[in-house]
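Read through the structure below, which is laid out as structure tokens, and then see the notes.
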Amino acid sequence: VVEDAEEILVTLQDKRQIKAELVGGDEKTDIAVLKIDANNLRDIRLARNDSVEVGDYVIAIGNPFGLGHTVTSGIVSALGRELQRGDRYQDFIQTDASINPGNSGGALVNSKGQLIGINSAIISRSGGNNGIGFAVPTKIASNVMDQLIQNGEVKRGRIGVSIRDITPDVLDAFDLPTMEGALVNDVTDDSPADKAGLESMDIIIEFNGDDIKDASDIRNAVGLVIPGTRADITYLRDGKRKTTKILVKEVEEDR
């Protein structure tokens, strides 16, 4: 929405149009922060990260097809959705609330009016709503927002492992004790994971107190940690549970 824009205008509910400054954007999460100079603004409350459940009633707010401030309703259809792999960080909330072109960047709120996500994408053959919309959860959006405001960019963490999901075939082939978690394929020499004692075939099941269900979970969890932070990591080795501290370092990216 804001990429390559020469001028950005924000239209408020009272029809005021105000020029906005782009504080920063993060392509990997599809989140940008704008700054406007205006009076009589109200901020929205953020829901707790662990309060969203499948089946919750939700309202999507946006500007579909340029029709102005529009609200649609539905439920949370699923959590932890991923549309594509690659270098994007995704943990989408899926909803059947009508989301159409123009809804991107709008709020997805719960029945208490608390923000649970930022509308981001739809799956549609026709380009219109098919009842499958996706929103970036506040856990990711607020982390990105804070970093953009403080630093003008997002710095992501890494621990130096290659990982994969545990499929039924992988479970049988390696006689693993569980399908939940992220299986460590390889550990980079002299990386945080190497120094913390992780090895190939370990299964990461928790990171900083959050359960790790698959490879996407650990990638998102580590990526949200500010580099230089020590985190708790729990893993299974030969069926035995182990917990240790790990120093998260910064992802080296082309700038």
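Residue names in the structure tokens use chain letters A, B, ... in the order shown, residue numbers from 1 in each chain, and ligand numbers from 1 in the order shown.
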Apply DSSP to the structure's backbone, then extract all residues of region 41-208 of chain A labelled strand (DSSP E) and return them as a PyMOL selection string.
chain A and resi 57-62+70-81+92-95+107-110+115-122+133-137+157-158+161-165+182-187+203-207
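Shortest atom-to-atom contact with Gly160 (chain A) among A:Val136, A:Ile218, A:Leu176, A:Ile205: A:Ile218, counting only C-alpha atoms.
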Mind giving me the straight-line distance from CA of Ala38 (chain A) to CA of Ser104 (chain A) in Å, one decimal?
22.6 Å
Run DSSP on the backbone of this structure and report the residues of region 29-234 of chain A it assigns to alpha helix (DSSP H), as a PyMOL selection string.
chain A and resi 138-151+168-174+192-196+215-223
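Here CA of Ala32 (chain A) and CA of Arg158 (chain A) stand 22.5 Å from one another.
CA of Ile140 (chain A) lies 18.8 Å from CA of Gly228 (chain A).
The nearest approach to Ala20 (chain A) among the residues A:Val225, A:Ile99, A:Ala5, A:Ala231, with only C-alpha atoms taken into account, belongs to A:Ala5.
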Which residues are close to Lys245 (chain A), i.e. within 12 Å by only C-alpha atoms, leaving aside same-chain residues fewer than 3 positions away? Reply as a short mmCIF file (atom, residue, chain, number, x, y, z; two decimals) with N, CA and C atoms, in the first residue's frame.
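Everything below was put into result.cif:
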```cif
data_model
loop_
_atom_site.label_atom_id
_atom_site.label_comp_id
_atom_site.auth_asym_id
_atom_site.auth_seq_id
_atom_site.Cartn_x
_atom_site.Cartn_y
_atom_site.Cartn_z
N ILE A 159 19.58 -18.16 15.56
CA ILE A 159 20.34 -19.01 16.49
C ILE A 159 21.27 -19.98 15.76
N PRO A 192 25.06 -19.50 17.96
CA PRO A 192 24.44 -19.55 19.28
C PRO A 192 23.94 -20.95 19.64
N ALA A 193 23.35 -21.65 18.66
CA ALA A 193 22.85 -23.00 18.92
C ALA A 193 23.99 -23.96 19.24
N ASP A 194 25.11 -23.83 18.52
CA ASP A 194 26.28 -24.66 18.76
C ASP A 194 26.83 -24.43 20.16
N LYS A 195 26.92 -23.16 20.55
CA LYS A 195 27.44 -22.82 21.87
C LYS A 195 26.49 -23.25 22.99
N ALA A 196 25.19 -23.31 22.67
CA ALA A 196 24.21 -23.74 23.67
C ALA A 196 24.11 -25.26 23.78
N GLY A 197 24.81 -25.97 22.87
CA GLY A 197 24.85 -27.42 22.96
C GLY A 197 23.84 -28.16 22.13
N LEU A 198 23.12 -27.47 21.23
CA LEU A 198 22.15 -28.16 20.39
C LEU A 198 22.86 -29.01 19.34
N GLU A 206 10.04 -25.79 22.88
CA GLU A 206 9.66 -24.53 23.52
C GLU A 206 10.74 -23.49 23.28
N PHE A 207 10.30 -22.23 23.17
CA PHE A 207 11.24 -21.13 23.05
C PHE A 207 10.68 -19.93 23.78
N ASN A 208 11.41 -19.48 24.77
CA ASN A 208 10.99 -18.34 25.60
C ASN A 208 9.60 -18.54 26.19
N GLY A 209 9.30 -19.77 26.57
CA GLY A 209 8.02 -20.07 27.21
C GLY A 209 6.88 -20.38 26.27
N THR A 229 19.67 -10.67 23.01
CA THR A 229 18.86 -11.16 24.12
C THR A 229 19.13 -12.63 24.37
N ARG A 230 19.14 -13.01 25.66
CA ARG A 230 19.25 -14.42 26.02
C ARG A 230 17.84 -15.00 26.19
N ALA A 231 17.62 -16.16 25.63
CA ALA A 231 16.30 -16.78 25.66
C ALA A 231 16.42 -18.21 26.19
N ASP A 232 15.31 -18.70 26.70
CA ASP A 232 15.24 -20.11 27.12
C ASP A 232 14.82 -20.96 25.93
N ILE A 233 15.48 -22.08 25.75
CA ILE A 233 15.10 -23.00 24.68
C ILE A 233 15.02 -24.41 25.27
N THR A 234 13.94 -25.11 24.95
CA THR A 234 13.72 -26.46 25.45
C THR A 234 13.63 -27.41 24.27
N TYR A 235 14.30 -28.55 24.38
CA TYR A 235 14.33 -29.50 23.28
C TYR A 235 14.36 -30.93 23.81
N LYS A 242 15.35 -31.30 27.71
CA LYS A 242 16.48 -30.48 28.16
C LYS A 242 16.14 -29.01 27.96
N VAL A 248 20.65 -14.97 21.37
CA VAL A 248 20.15 -14.73 20.02
C VAL A 248 20.99 -13.65 19.35
#
```
